[in-house]
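File shown: model_30.csv (CSV, C-alpha atoms).
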```csv
chain,number,residue,atom,x,y,z
A,1,MET,CA,331.5,355.7,301.4
A,2,LYS,CA,331.7,352.3,299.7
A,3,LEU,CA,334.4,351.1,297.3
A,4,GLN,CA,332.4,348.8,295.0
A,5,ILE,CA,334.3,346.5,292.7
A,6,THR,CA,333.3,343.6,290.5
A,7,THR,CA,334.4,340.1,291.2
A,8,ASN,CA,336.6,339.9,288.0
A,9,ALA,CA,338.5,343.1,289.0
A,10,TYR,CA,339.0,342.0,292.5
A,11,GLN,CA,340.3,338.6,291.5
A,12,SER,CA,342.6,340.2,289.0
A,13,ILE,CA,344.1,342.3,291.9
A,14,VAL,CA,344.6,339.2,294.0
A,15,LYS,CA,346.3,337.4,291.1
A,16,LYS,CA,348.5,340.2,289.8
A,17,ILE,CA,349.7,342.0,292.9
A,18,GLY,CA,348.3,339.9,295.8
A,19,SER,CA,350.6,337.1,295.0
A,20,GLY,CA,353.8,339.0,294.2
A,21,VAL,CA,356.5,340.8,296.1
A,22,PRO,CA,355.6,344.4,297.1
A,23,GLU,CA,355.5,347.0,295.7
A,24,LYS,CA,353.4,346.3,292.7
A,25,GLY,CA,350.2,348.0,291.4
A,26,GLY,CA,348.2,349.4,288.7
A,27,ILE,CA,345.1,351.5,287.9
A,28,LEU,CA,341.4,351.1,288.6
A,29,MET,CA,338.9,351.8,285.8
A,30,GLY,CA,335.2,351.7,286.0
A,31,ILE,CA,331.7,352.9,285.2
A,32,ASP,CA,328.6,353.9,287.2
A,33,GLY,CA,330.9,354.6,290.1
A,34,ILE,CA,331.9,350.9,290.3
A,35,ILE,CA,335.4,349.5,289.6
A,36,THR,CA,335.1,347.0,286.8
A,37,ASP,CA,338.8,346.7,285.6
A,38,PHE,CA,342.2,346.4,287.1
A,39,ILE,CA,345.0,347.3,284.8
A,40,PHE,CA,348.3,345.8,286.0
A,41,ASP,CA,351.2,348.3,285.6
A,42,LYS,CA,353.8,345.7,284.7
A,43,ASN,CA,356.4,348.5,284.0
A,44,ALA,CA,355.8,350.5,287.2
A,45,HIS,CA,358.7,352.2,288.9
A,46,THR,CA,359.0,350.5,292.2
A,47,THR,CA,361.3,350.0,295.1
A,48,GLY,CA,360.7,348.1,298.3
A,49,SER,CA,358.8,351.1,299.7
A,50,THR,CA,357.7,353.3,296.7
A,51,TYR,CA,355.5,353.0,293.7
A,52,SER,CA,354.8,355.3,290.7
A,53,LEU,CA,352.9,354.7,287.5
A,54,ASP,CA,354.4,354.1,284.1
A,55,VAL,CA,352.4,356.8,282.4
A,56,ALA,CA,353.7,356.0,278.9
A,57,TYR,CA,352.5,352.4,279.2
A,58,LEU,CA,349.1,353.2,280.9
A,59,ASN,CA,347.9,356.3,279.0
A,60,PRO,CA,347.0,354.3,275.8
A,61,ILE,CA,345.1,351.8,277.9
A,62,ILE,CA,343.2,354.5,279.7
A,63,LYS,CA,342.2,356.0,276.3
A,64,GLU,CA,340.9,352.7,275.1
A,65,HIS,CA,338.8,352.2,278.2
A,66,LYS,CA,337.4,355.7,277.9
A,67,LYS,CA,336.1,354.8,274.5
A,68,GLN,CA,334.0,352.2,276.3
A,69,GLY,CA,332.6,354.8,278.6
A,70,LYS,CA,334.8,353.9,281.5
A,71,GLN,CA,337.0,356.3,283.5
A,72,LEU,CA,340.0,356.3,285.8
A,73,MET,CA,338.8,355.6,289.3
A,74,GLY,CA,342.0,355.2,291.2
A,75,ILE,CA,345.4,353.7,291.8
A,76,ILE,CA,346.2,350.6,293.8
A,77,HIS,CA,349.5,349.1,295.0
A,78,SER,CA,350.9,346.7,297.5
A,79,HIS,CA,352.8,347.5,300.7
A,80,PRO,CA,355.2,345.4,302.7
A,81,TYR,CA,353.3,343.5,305.4
A,82,GLY,CA,352.4,345.6,308.4
A,83,CYS,CA,352.2,349.0,306.5
A,84,SER,CA,348.5,349.2,306.0
A,85,GLU,CA,348.3,353.0,305.7
A,86,LEU,CA,349.2,355.4,302.9
A,87,SER,CA,352.8,356.7,303.3
A,88,TYR,CA,353.7,360.3,303.0
A,89,PRO,CA,355.3,359.7,299.6
A,90,ASP,CA,352.0,357.9,298.5
A,91,ARG,CA,350.0,361.0,299.5
A,92,GLU,CA,352.3,363.4,297.7
A,93,TYR,CA,352.2,361.3,294.6
A,94,PHE,CA,348.4,360.8,294.5
A,95,LEU,CA,347.9,364.5,295.2
A,96,SER,CA,350.1,365.3,292.2
A,97,GLN,CA,348.0,363.1,289.9
A,98,PHE,CA,344.9,365.3,290.2
A,99,LYS,CA,346.4,367.8,287.8
A,100,ASN,CA,346.4,365.0,285.2
A,101,PHE,CA,342.7,364.3,286.0
A,102,PRO,CA,341.1,367.6,286.9
A,103,SER,CA,337.6,366.2,286.6
A,104,LEU,CA,338.1,363.9,289.6
A,105,ASP,CA,337.2,365.1,293.1
A,106,PHE,CA,338.6,361.9,294.6
A,107,MET,CA,340.2,358.7,293.7
A,108,TYR,CA,340.3,355.2,295.3
A,109,THR,CA,343.8,354.4,296.5
A,110,PRO,CA,343.6,351.0,298.1
A,111,ILE,CA,346.6,349.3,299.7
A,112,VAL,CA,347.0,345.5,299.7
A,113,PHE,CA,349.2,343.1,301.5
A,114,SER,CA,350.6,340.3,299.4
A,115,ALA,CA,350.0,336.6,300.2
A,116,LYS,CA,353.7,336.2,299.4
A,117,GLN,CA,354.5,337.8,302.8
A,118,ASN,CA,351.5,336.8,304.9
A,119,GLU,CA,347.7,336.7,304.2
A,120,PHE,CA,346.2,338.8,301.4
A,121,GLU,CA,344.5,341.9,302.8
A,122,PHE,CA,342.7,344.8,301.1
A,123,PHE,CA,342.5,348.3,302.6
A,124,PRO,CA,340.0,350.4,300.7
A,125,TYR,CA,341.1,354.1,301.0
A,126,VAL,CA,339.6,357.1,299.3
A,127,PHE,CA,342.0,360.0,298.6
A,128,TYR,CA,340.3,363.4,298.1
A,129,LYS,CA,341.5,366.4,296.0
A,130,ASP,CA,342.3,368.4,299.2
A,131,GLY,CA,344.6,365.7,300.4
A,132,THR,CA,342.3,364.1,303.0
A,133,VAL,CA,342.0,360.3,303.3
A,134,GLU,CA,339.0,358.2,304.3
A,135,LYS,CA,338.7,354.5,304.7
A,136,ALA,CA,335.8,353.2,302.7
A,137,GLU,CA,333.7,350.1,303.0
A,138,LEU,CA,334.7,347.4,300.5
A,139,GLU,CA,331.8,345.7,298.6
A,140,VAL,CA,332.6,343.1,296.0
A,141,LEU,CA,329.8,342.8,293.5
A,142,PRO,CA,329.0,340.2,290.9
A,143,ASN,CA,330.1,340.9,287.3
A,144,ASN,CA,326.5,341.5,286.3
A,145,TYR,CA,326.3,344.2,289.0
A,146,ARG,CA,323.6,346.1,287.2
A,147,GLU,CA,321.1,343.3,287.5
A,148,TYR,CA,322.2,342.8,291.1
A,149,LEU,CA,321.8,346.4,292.1
A,150,GLN,CA,318.5,346.7,290.2
A,151,GLU,CA,317.1,343.8,292.3
A,152,GLU,CA,318.2,345.6,295.5
A,153,ILE,CA,316.5,348.9,294.7
A,154,GLN,CA,313.6,347.6,292.6
A,155,GLU,CA,310.4,349.2,293.7
A,156,PRO,CA,307.4,346.9,294.3
A,157,ASN,CA,304.9,346.7,291.5
A,158,HIS,CA,301.3,348.2,291.8
A,159,GLN,CA,299.7,344.8,292.7
A,160,THR,CA,302.3,344.3,295.5
A,161,ILE,CA,301.6,347.8,296.9
A,162,ILE,CA,297.8,347.0,296.9
A,163,VAL,CA,298.3,343.7,298.7
A,164,ARG,CA,300.6,345.4,301.3
A,165,GLN,CA,298.0,348.2,301.9
A,166,GLU,CA,295.2,345.7,302.4
A,167,LEU,CA,297.3,343.7,304.8
A,168,LEU,CA,298.1,346.9,306.8
A,169,ILE,CA,294.4,347.7,306.9
A,170,VAL,CA,293.5,344.3,308.3
A,171,ILE,CA,296.3,344.5,310.9
A,172,LYS,CA,295.1,348.0,311.8
A,173,GLN,CA,291.5,346.9,312.2
A,174,GLU,CA,292.5,343.9,314.3
A,175,THR,CA,294.6,346.1,316.5
A,176,HIS,CA,291.8,348.6,317.1
A,177,ALA,CA,289.2,345.8,317.6
A,178,SER,CA,291.4,343.9,320.1
A,179,ALA,CA,291.9,346.9,322.4
A,180,PRO,CA,288.3,347.5,323.4
A,181,GLU,CA,287.8,343.7,323.7
A,182,LYS,CA,290.6,343.6,326.2
A,183,GLU,CA,289.2,346.5,328.1
A,184,ARG,CA,285.8,344.8,328.3
A,185,GLN,CA,287.5,341.6,329.5
A,186,LEU,CA,289.2,343.6,332.2
A,187,GLU,CA,285.9,345.2,333.2
A,188,PHE,CA,283.9,341.9,333.3
A,189,GLU,CA,286.4,339.8,335.1
A,190,PRO,CA,285.9,341.5,338.6
A,191,LEU,CA,282.1,341.4,338.0
A,192,SER,CA,282.1,337.8,337.1
A,193,MET,CA,284.1,337.0,340.2
A,194,ILE,CA,281.6,338.8,342.4
A,195,ILE,CA,278.6,337.0,340.8
A,196,LEU,CA,280.4,333.7,341.2
A,197,PHE,CA,281.0,334.2,344.9
A,198,SER,CA,277.5,335.6,345.5
A,199,ASN,CA,275.9,332.5,343.9
A,200,LEU,CA,278.2,330.3,346.0
A,201,TYR,CA,277.2,332.1,349.2
A,202,PHE,CA,273.5,331.9,348.6
A,203,PHE,CA,273.8,328.2,347.6
A,204,LEU,CA,275.6,327.4,350.9
A,205,LEU,CA,273.1,329.6,352.8
A,206,GLY,CA,270.2,327.7,351.3
A,207,LEU,CA,271.8,324.4,352.0
A,208,ALA,CA,272.3,325.3,355.6
A,209,THR,CA,268.7,326.5,355.9
A,210,ALA,CA,267.4,323.1,354.7
A,211,ILE,CA,269.7,321.0,356.8
A,212,VAL,CA,269.2,322.8,360.2
A,213,PRO,CA,265.4,322.0,360.6
A,214,PHE,CA,265.9,318.3,359.8
A,215,THR,CA,268.7,318.1,362.3
A,216,LEU,CA,266.6,319.7,365.0
A,217,ILE,CA,263.6,317.3,364.3
A,218,HIS,CA,266.0,314.3,364.5
A,219,ILE,CA,267.4,315.5,367.8
A,220,ILE,CA,263.9,316.1,369.3
A,221,LYS,CA,262.7,312.6,368.3
A,222,ASN,CA,265.7,311.0,370.0
A,223,LEU,CA,265.1,312.7,373.3
```
Output the structure of this file as structure tokens.
Amino acid sequence: MKLQITTNAYQSIVKKIGSGVPEKGGILMGIDGIITDFIFDKNAHTTGSTYSLDVAYLNPIIKEHKKQGKQLMGIIHSHPYGCSELSYPDREYFLSQFKNFPSLDFMYTPIVFSAKQNEFEFFPYVFYKDGTVEKAELEVLPNNYREYLQEEIQEPNHQTIIVRQELLIVIKQETHASAPEKERQLEFEPLSMIILFSNLYFFLLGLATAIVPFTLIHIIKNL
């Protein structure tokens, strides 16, 4: 599975929680299965090793985004450097959130390392309703992702299909034509060699036949 996120949302994560002391976080909103917004949870309940959402602060923001056709897609937070996996408290907390969002079968629950402690890193996890966790493939998309994705999946037009078909026909014809030609070449090559050597043999034989009488006459005259 891919975790697809727009450039703006990704940069917002880097700015808000990728440059602060862990643990900080927020929620991921999106549309078309793509994360388009990161909402920083500035009032989150955090310790050095735990993170939980400030629901009172976030719920009105979630409602506003839903009016725009967007939906909650996940929760993201930072971990101390070296702890790249979801902790047991993380799993318990995320599992409890499905009761608030019964329509979700899974949510994205990425972990990030802050550049304040080392290098910024992004670990794209997917947390399923049954409690299983999968590591996704991160794909950062341009903000105009619809145009970008459309270009990727756009089917060729009718004229392009015709040109491709004609090209394939030409290639196919040349392939079929070249095979017998090669076979004929293989057949004629030994025959050509035989004819060549035969001609050479008869030429040398004729030459010898002409030279021998003259040589004998010359010898007889000199006796």
Checklist entry - Smallest atom-to-atom distance to Asn144 in chain A: which of A:Leu28, A:Ile5, A:Met73, A:Val14, using all atoms listed in the file? => result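 For Asn144 in chain A, the nearest of the candidates is A:Ile5.
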Item to check | Nearest candidate to Tyr125 in chain A (options A:Leu72, A:Val21, A:Val112, A:Ile39; using only C-alpha atoms) | outcome: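 Ranked by minimum distance to Tyr125 in chain A, first place goes to A:Val112.
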Checklist entry - Excluding same-chain residues fewer than 3 positions from Thr132 in chain A, what lies within 10 Å of it counting all atoms listed in the file, as a ChimeraX atom specification? => result /A:91,95,106,126-129
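Put simply, CA of Thr109 in chain A is 6.9 Å away from CA of Pro124 in chain A.
A straight line drawn from CA of Glu92 in chain A to CA of Thr50 in chain A is 11.5 Å long.
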Next on the checklist: I'd like the contact shell of Leu138 in chain A - 10 Å cut-off, only C-alpha atoms, skipping same-chain residues fewer than 2 positions apart - returned as a list in words.
Outcome noted: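 So the residues in contact are Met1, Lys2, Leu3, Gln4, Ile5, Pro110, Phe122, Phe123, Pro124, Tyr125, Lys135, Ala136, Val140 and Leu141 of chain A.
Distance check against Lys116 in chain A using only C-alpha atoms: of A:Ile62, A:Ile17, A:Leu53, A:Ile76, the minimum falls on A:Ile17.
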Next on the checklist: Taking (344.8, 352.8, 278.1) in the coordinates of the supplied file, I want to know which residues reach to within 12 Å of it, counting all atoms listed in the file; could you give the answer as a ChimeraX atom specification?
Outcome noted: /A:26-29,37-41,54-68,70-72
Go ahead and dump the residues you just picked, C-alpha atoms, as a compact mmCIF listing (two decimals), in the frame of the given file.
```txt
# COMPACT_ATOMS: atom_id res chain seq x y z
CA GLY A 26 348.20 349.40 288.70
CA ILE A 27 345.10 351.50 287.90
CA LEU A 28 341.40 351.10 288.60
CA MET A 29 338.90 351.80 285.80
CA ASP A 37 338.80 346.70 285.60
CA PHE A 38 342.20 346.40 287.10
CA ILE A 39 345.00 347.30 284.80
CA PHE A 40 348.30 345.80 286.00
CA ASP A 41 351.20 348.30 285.60
CA ASP A 54 354.40 354.10 284.10
CA VAL A 55 352.40 356.80 282.40
CA ALA A 56 353.70 356.00 278.90
CA TYR A 57 352.50 352.40 279.20
CA LEU A 58 349.10 353.20 280.90
CA ASN A 59 347.90 356.30 279.00
CA PRO A 60 347.00 354.30 275.80
CA ILE A 61 345.10 351.80 277.90
CA ILE A 62 343.20 354.50 279.70
CA LYS A 63 342.20 356.00 276.30
CA GLU A 64 340.90 352.70 275.10
CA HIS A 65 338.80 352.20 278.20
CA LYS A 66 337.40 355.70 277.90
CA LYS A 67 336.10 354.80 274.50
CA GLN A 68 334.00 352.20 276.30
CA LYS A 70 334.80 353.90 281.50
CA GLN A 71 337.00 356.30 283.50
CA LEU A 72 340.00 356.30 285.80
```
Checklist outcome for this item: Taken to one decimal, the CA of Arg146 in chain A-CA of Gln11 in chain A distance is 18.8 Å
Checklist entry - Of the candidates A:Asn118, A:Ser96, A:Ser103, A:Gln150, which shows the shortest atom-to-atom distance to His79 in chain A, using only C-alpha atoms? => result A:Asn118
Item to check | Given only C-alpha atoms as the counted atoms, nearest of A:Ser78, A:Ser87, A:Thr36, A:Ser12 to Ser114 in chain A | outcome: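 Using only C-alpha atoms, the shortest distance to Ser114 in chain A belongs to A:Ser78.
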Next on the checklist: Give me, as a list in words, all polymer residues having an atom no more than 9 Å from Ser19 in chain A, counting only C-alpha atoms and skipping those fewer than 3 positions away in the same chain.
Outcome noted: Ile13, Val14, Lys15, Lys16, Phe113, Ser114, Ala115, Lys116, Gln117 and Phe120 of chain A
Item to check | Nearest candidate to Asn43 in chain A (options A:Gly74, A:Gly25, A:Ile31, A:Asn100; using only C-alpha atoms) | outcome: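 Ranking A:Gly74, A:Gly25, A:Ile31, A:Asn100 by distance to Asn43 in chain A, first place goes to A:Gly25.
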